[in-house]
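Structure below is query.cif: mmCIF, C-alpha atoms.
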data_target
loop_
_atom_site.group_PDB
_atom_site.id
_atom_site.type_symbol
_atom_site.label_atom_id
_atom_site.label_comp_id
_atom_site.auth_asym_id
_atom_site.auth_seq_id
_atom_site.Cartn_x
_atom_site.Cartn_y
_atom_site.Cartn_z
ATOM 1 C CA MET T 1 120.566 89.896 89.977
ATOM 2 C CA ALA T 2 122.770 92.248 88.033
ATOM 3 C CA ALA T 3 126.494 91.669 87.899
ATOM 4 C CA GLY T 4 129.133 94.228 88.692
ATOM 5 C CA CYS T 5 130.482 96.638 86.134
ATOM 6 C CA ARG T 6 133.636 98.214 84.815
ATOM 7 C CA ILE T 7 134.176 101.980 84.777
ATOM 8 C CA VAL T 8 135.632 103.434 81.585
ATOM 9 C CA PHE T 9 136.742 107.014 82.151
ATOM 10 C CA ASN T 10 137.902 109.582 79.595
ATOM 11 C CA ARG T 11 140.106 111.987 81.557
ATOM 12 C CA THR T 12 140.614 114.185 78.490
ATOM 13 C CA THR T 13 136.958 115.208 78.286
ATOM 14 C CA CYS T 14 136.358 115.511 82.044
ATOM 15 C CA ALA T 15 135.520 119.071 83.102
ATOM 16 C CA GLY T 16 135.909 118.415 86.843
ATOM 17 C CA ILE T 17 132.387 119.558 87.697
ATOM 18 C CA GLY T 18 132.059 116.874 90.372
ATOM 19 C CA LEU T 19 128.518 115.594 89.900
ATOM 20 C CA CYS T 20 129.860 112.038 89.829
ATOM 21 C CA GLU T 21 131.664 112.628 93.120
ATOM 22 C CA MET T 22 128.460 113.919 94.712
ATOM 23 C CA VAL T 23 126.570 110.768 93.676
ATOM 24 C CA ALA T 24 129.307 108.194 94.373
ATOM 25 C CA PRO T 25 132.002 109.778 96.572
ATOM 26 C CA ASP T 26 133.631 106.465 97.419
ATOM 27 C CA VAL T 27 134.113 105.639 93.716
ATOM 28 C CA PHE T 28 134.822 109.039 92.118
ATOM 29 C CA VAL T 29 137.052 111.784 93.540
ATOM 30 C CA ILE T 30 138.272 115.046 92.118
ATOM 31 C CA ALA T 31 142.037 114.627 91.771
ATOM 32 C CA ASP T 32 144.260 116.682 94.011
ATOM 33 C CA ASP T 33 146.920 116.981 91.315
ATOM 34 C CA GLY T 34 146.163 120.510 90.208
ATOM 35 C CA ASP T 35 144.100 119.838 87.095
ATOM 36 C CA GLY T 36 140.782 119.411 88.945
ATOM 37 C CA ARG T 37 139.654 116.376 87.010
ATOM 38 C CA MET T 38 137.973 113.317 88.428
ATOM 39 C CA THR T 39 139.768 110.076 89.158
ATOM 40 C CA PRO T 40 137.974 106.782 89.735
ATOM 41 C CA THR T 41 139.138 105.009 92.880
ATOM 42 C CA THR T 42 138.676 101.650 91.137
ATOM 43 C CA ASP T 43 138.180 100.246 87.644
ATOM 44 C CA THR T 44 135.395 97.859 88.647
ATOM 45 C CA VAL T 45 132.584 97.791 91.175
ATOM 46 C CA ASP T 46 130.449 94.936 92.436
ATOM 47 C CA GLU T 47 126.694 94.759 92.045
ATOM 48 C CA SER T 48 126.093 96.637 95.318
ATOM 49 C CA LYS T 49 127.560 99.830 93.747
ATOM 50 C CA ARG T 50 126.322 99.269 90.207
ATOM 51 C CA ASP T 51 123.242 101.525 90.347
ATOM 52 C CA GLU T 52 125.231 104.253 92.079
ATOM 53 C CA VAL T 53 127.937 104.405 89.394
ATOM 54 C CA ILE T 54 125.355 104.242 86.606
ATOM 55 C CA GLU T 55 123.617 107.254 88.168
ATOM 56 C CA ALA T 56 126.949 109.081 88.472
ATOM 57 C CA ALA T 57 127.772 108.367 84.824
ATOM 58 C CA SER T 58 124.350 109.541 83.683
ATOM 59 C CA ARG T 59 124.866 112.897 85.427
ATOM 60 C CA CYS T 60 128.241 113.578 83.787
ATOM 61 C CA PRO T 61 127.656 116.612 81.526
ATOM 62 C CA THR T 62 130.633 115.724 79.314
ATOM 63 C CA ALA T 63 129.780 111.989 79.056
ATOM 64 C CA SER T 64 133.274 111.153 80.277
ATOM 65 C CA ILE T 65 132.144 108.067 82.224
ATOM 66 C CA THR T 66 130.939 104.892 80.562
ATOM 67 C CA ILE T 67 129.743 101.851 82.486
ATOM 68 C CA VAL T 68 130.270 98.407 80.983
ATOM 69 C CA ASP T 69 128.570 95.332 82.433
ATOM 70 C CA LEU T 70 130.834 92.495 83.489
#
As structure tokens - that is how I would like this structure written.
Amino acid sequence: MAAGCRIVFNRTTCAGIGLCEMVAPDVFVIADDGDGRMTPTTDTVDESKRDEVIEAASRCPTASITIVDL
């Protein structure tokens, strides 16, 4: 079985499009701080969320999300 993973997020390149939030709404949320960029709700996820966050990262048009295996 696959292990969990760590989410590496580049806030500078995020465009706030929200595809990641649509795929994994419990892990990625668009910040309510006025700049409209995404904020991960956690830095790591267990194996049950691994495929979901990989899918979310793959849909990011600015490649602002990187997933690193633990």
Task: Within 12 Å of Ser58 in chain T using only C-alpha atoms, minus same-chain residues under 6 positions, as a list in words - done: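 Residues near the query, excluding close chain neighbours: Leu19, Cys20, Val23, Ala24, Asp51, Glu52, Ser64, Ile65, Thr66 and Ile67 of chain T.
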Task: d(CA of Asp35 in chain T, CA of Val53 in chain T) in Å - done: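 Calculated distance between CA of Asp35 in chain T and CA of Val53 in chain T is 22.5 Å.
Residue nearest Thr39 in chain T, chosen from T:Pro61, T:Leu70, T:Glu21, T:Gly4 and counting only C-alpha atoms: T:Glu21.
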Task: Interatomic distance (Å, one decimal) between CA of Arg11 in chain T and CA of Lys49 in chain T - done: 21.3 Å
Task: All residues 12 Å or closer to Asn10 in chain T, all atoms listed in the file, same chain fewer than 3 positions away omitted, as an MDAnalysis selection string - done: chainID T and resid 7 13:16 37:40 57 60 62:67
Task: Separation of CA of Val8 in chain T from CA of Ile30 in chain T, in Å and rounded to one decimal - done: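 Computing the Euclidean distance for CA of Val8 in chain T and CA of Ile30 in chain T yields 15.9 Å.
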Task: Top pick for closest residue to Met22 in chain T, considering T:Thr41, T:Glu55, T:Ala3, T:Arg50 and counting all atoms listed in the file - done: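 Closest to Met22 in chain T of all the choices is T:Glu55.
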Task: Result set of the PyMOL selection byres ((chain T and resi 5) around 6) on the coordinates above, as a VMD selection string - done: chain T and resid 4 6 44 to 45 68 to 70
Can you write out the residues you just picked, keeping C-alpha atoms, as a tab-separated table (two decimals), in the frame of the given file?
chain	number	residue	atom	x	y	z
T	4	GLY	CA	129.13	94.23	88.69
T	6	ARG	CA	133.64	98.21	84.82
T	44	THR	CA	135.40	97.86	88.65
T	45	VAL	CA	132.58	97.79	91.18
T	68	VAL	CA	130.27	98.41	80.98
T	69	ASP	CA	128.57	95.33	82.43
T	70	LEU	CA	130.83	92.50	83.49
Assuming the input is short of atoms at range 40-56 of chain T, produce N, CA, C and O atoms for that part as a PDB file, in the coordinates of the input.
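Below you can see rebuild-v3.pdb, which holds the result:
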ATOM      1  N   PRO T  40     138.675 107.894  89.097  1.00  0.00           N
ATOM      2  CA  PRO T  40     137.974 106.782  89.735  1.00  0.00           C
ATOM      3  C   PRO T  40     138.898 106.116  90.757  1.00  0.00           C
ATOM      4  O   PRO T  40     140.101 106.008  90.530  1.00  0.00           O
ATOM      5  N   THR T  41     138.337 105.691  91.864  1.00  0.00           N
ATOM      6  CA  THR T  41     139.138 105.009  92.880  1.00  0.00           C
ATOM      7  C   THR T  41     139.339 103.541  92.556  1.00  0.00           C
ATOM      8  O   THR T  41     140.156 102.877  93.169  1.00  0.00           O
ATOM      9  N   THR T  42     138.596 103.039  91.561  1.00  0.00           N
ATOM     10  CA  THR T  42     138.676 101.650  91.137  1.00  0.00           C
ATOM     11  C   THR T  42     138.234 101.544  89.683  1.00  0.00           C
ATOM     12  O   THR T  42     137.542 102.439  89.189  1.00  0.00           O
ATOM     13  N   ASP T  43     138.613 100.469  89.028  1.00  0.00           N
ATOM     14  CA  ASP T  43     138.180 100.246  87.644  1.00  0.00           C
ATOM     15  C   ASP T  43     136.896  99.436  87.569  1.00  0.00           C
ATOM     16  O   ASP T  43     136.204  99.460  86.554  1.00  0.00           O
ATOM     17  N   THR T  44     136.602  98.691  88.630  1.00  0.00           N
ATOM     18  CA  THR T  44     135.395  97.859  88.647  1.00  0.00           C
ATOM     19  C   THR T  44     134.674  98.009  89.979  1.00  0.00           C
ATOM     20  O   THR T  44     135.298  98.326  90.992  1.00  0.00           O
ATOM     21  N   VAL T  45     133.384  97.794  89.949  1.00  0.00           N
ATOM     22  CA  VAL T  45     132.584  97.791  91.175  1.00  0.00           C
ATOM     23  C   VAL T  45     131.689  96.562  91.168  1.00  0.00           C
ATOM     24  O   VAL T  45     131.314  96.061  90.106  1.00  0.00           O
ATOM     25  N   ASP T  46     131.342  96.091  92.358  1.00  0.00           N
ATOM     26  CA  ASP T  46     130.449  94.936  92.436  1.00  0.00           C
ATOM     27  C   ASP T  46     129.001  95.397  92.306  1.00  0.00           C
ATOM     28  O   ASP T  46     128.713  96.584  92.222  1.00  0.00           O
ATOM     29  N   GLU T  47     128.099  94.441  92.300  1.00  0.00           N
ATOM     30  CA  GLU T  47     126.694  94.759  92.045  1.00  0.00           C
ATOM     31  C   GLU T  47     126.085  95.698  93.084  1.00  0.00           C
ATOM     32  O   GLU T  47     125.135  96.414  92.785  1.00  0.00           O
ATOM     33  N   SER T  48     126.647  95.752  94.290  1.00  0.00           N
ATOM     34  CA  SER T  48     126.093  96.637  95.318  1.00  0.00           C
ATOM     35  C   SER T  48     126.301  98.118  94.983  1.00  0.00           C
ATOM     36  O   SER T  48     125.561  98.970  95.464  1.00  0.00           O
ATOM     37  N   LYS T  49     127.274  98.440  94.144  1.00  0.00           N
ATOM     38  CA  LYS T  49     127.560  99.830  93.747  1.00  0.00           C
ATOM     39  C   LYS T  49     127.124 100.137  92.322  1.00  0.00           C
ATOM     40  O   LYS T  49     127.253 101.261  91.857  1.00  0.00           O
ATOM     41  N   ARG T  50     126.639  99.134  91.629  1.00  0.00           N
ATOM     42  CA  ARG T  50     126.322  99.269  90.207  1.00  0.00           C
ATOM     43  C   ARG T  50     125.351 100.418  89.926  1.00  0.00           C
ATOM     44  O   ARG T  50     125.623 101.276  89.082  1.00  0.00           O
ATOM     45  N   ASP T  51     124.230 100.464  90.593  1.00  0.00           N
ATOM     46  CA  ASP T  51     123.242 101.525  90.347  1.00  0.00           C
ATOM     47  C   ASP T  51     123.808 102.905  90.651  1.00  0.00           C
ATOM     48  O   ASP T  51     123.513 103.877  89.948  1.00  0.00           O
ATOM     49  N   GLU T  52     124.623 102.981  91.683  1.00  0.00           N
ATOM     50  CA  GLU T  52     125.231 104.253  92.079  1.00  0.00           C
ATOM     51  C   GLU T  52     126.165 104.790  90.988  1.00  0.00           C
ATOM     52  O   GLU T  52     126.112 105.969  90.644  1.00  0.00           O
ATOM     53  N   VAL T  53     127.008 103.933  90.424  1.00  0.00           N
ATOM     54  CA  VAL T  53     127.937 104.405  89.394  1.00  0.00           C
ATOM     55  C   VAL T  53     127.222 104.674  88.071  1.00  0.00           C
ATOM     56  O   VAL T  53     127.623 105.573  87.329  1.00  0.00           O
ATOM     57  N   ILE T  54     126.156 103.949  87.800  1.00  0.00           N
ATOM     58  CA  ILE T  54     125.355 104.242  86.606  1.00  0.00           C
ATOM     59  C   ILE T  54     124.706 105.616  86.742  1.00  0.00           C
ATOM     60  O   ILE T  54     124.692 106.407  85.799  1.00  0.00           O
ATOM     61  N   GLU T  55     124.198 105.922  87.913  1.00  0.00           N
ATOM     62  CA  GLU T  55     123.617 107.254  88.168  1.00  0.00           C
ATOM     63  C   GLU T  55     124.682 108.340  88.018  1.00  0.00           C
ATOM     64  O   GLU T  55     124.446 109.384  87.412  1.00  0.00           O
ATOM     65  N   ALA T  56     125.858 108.106  88.578  1.00  0.00           N
ATOM     66  CA  ALA T  56     126.949 109.081  88.472  1.00  0.00           C
ATOM     67  C   ALA T  56     127.326 109.313  87.010  1.00  0.00           C
ATOM     68  O   ALA T  56     127.509 110.459  86.587  1.00  0.00           O
TER      69      ALA T  56
END
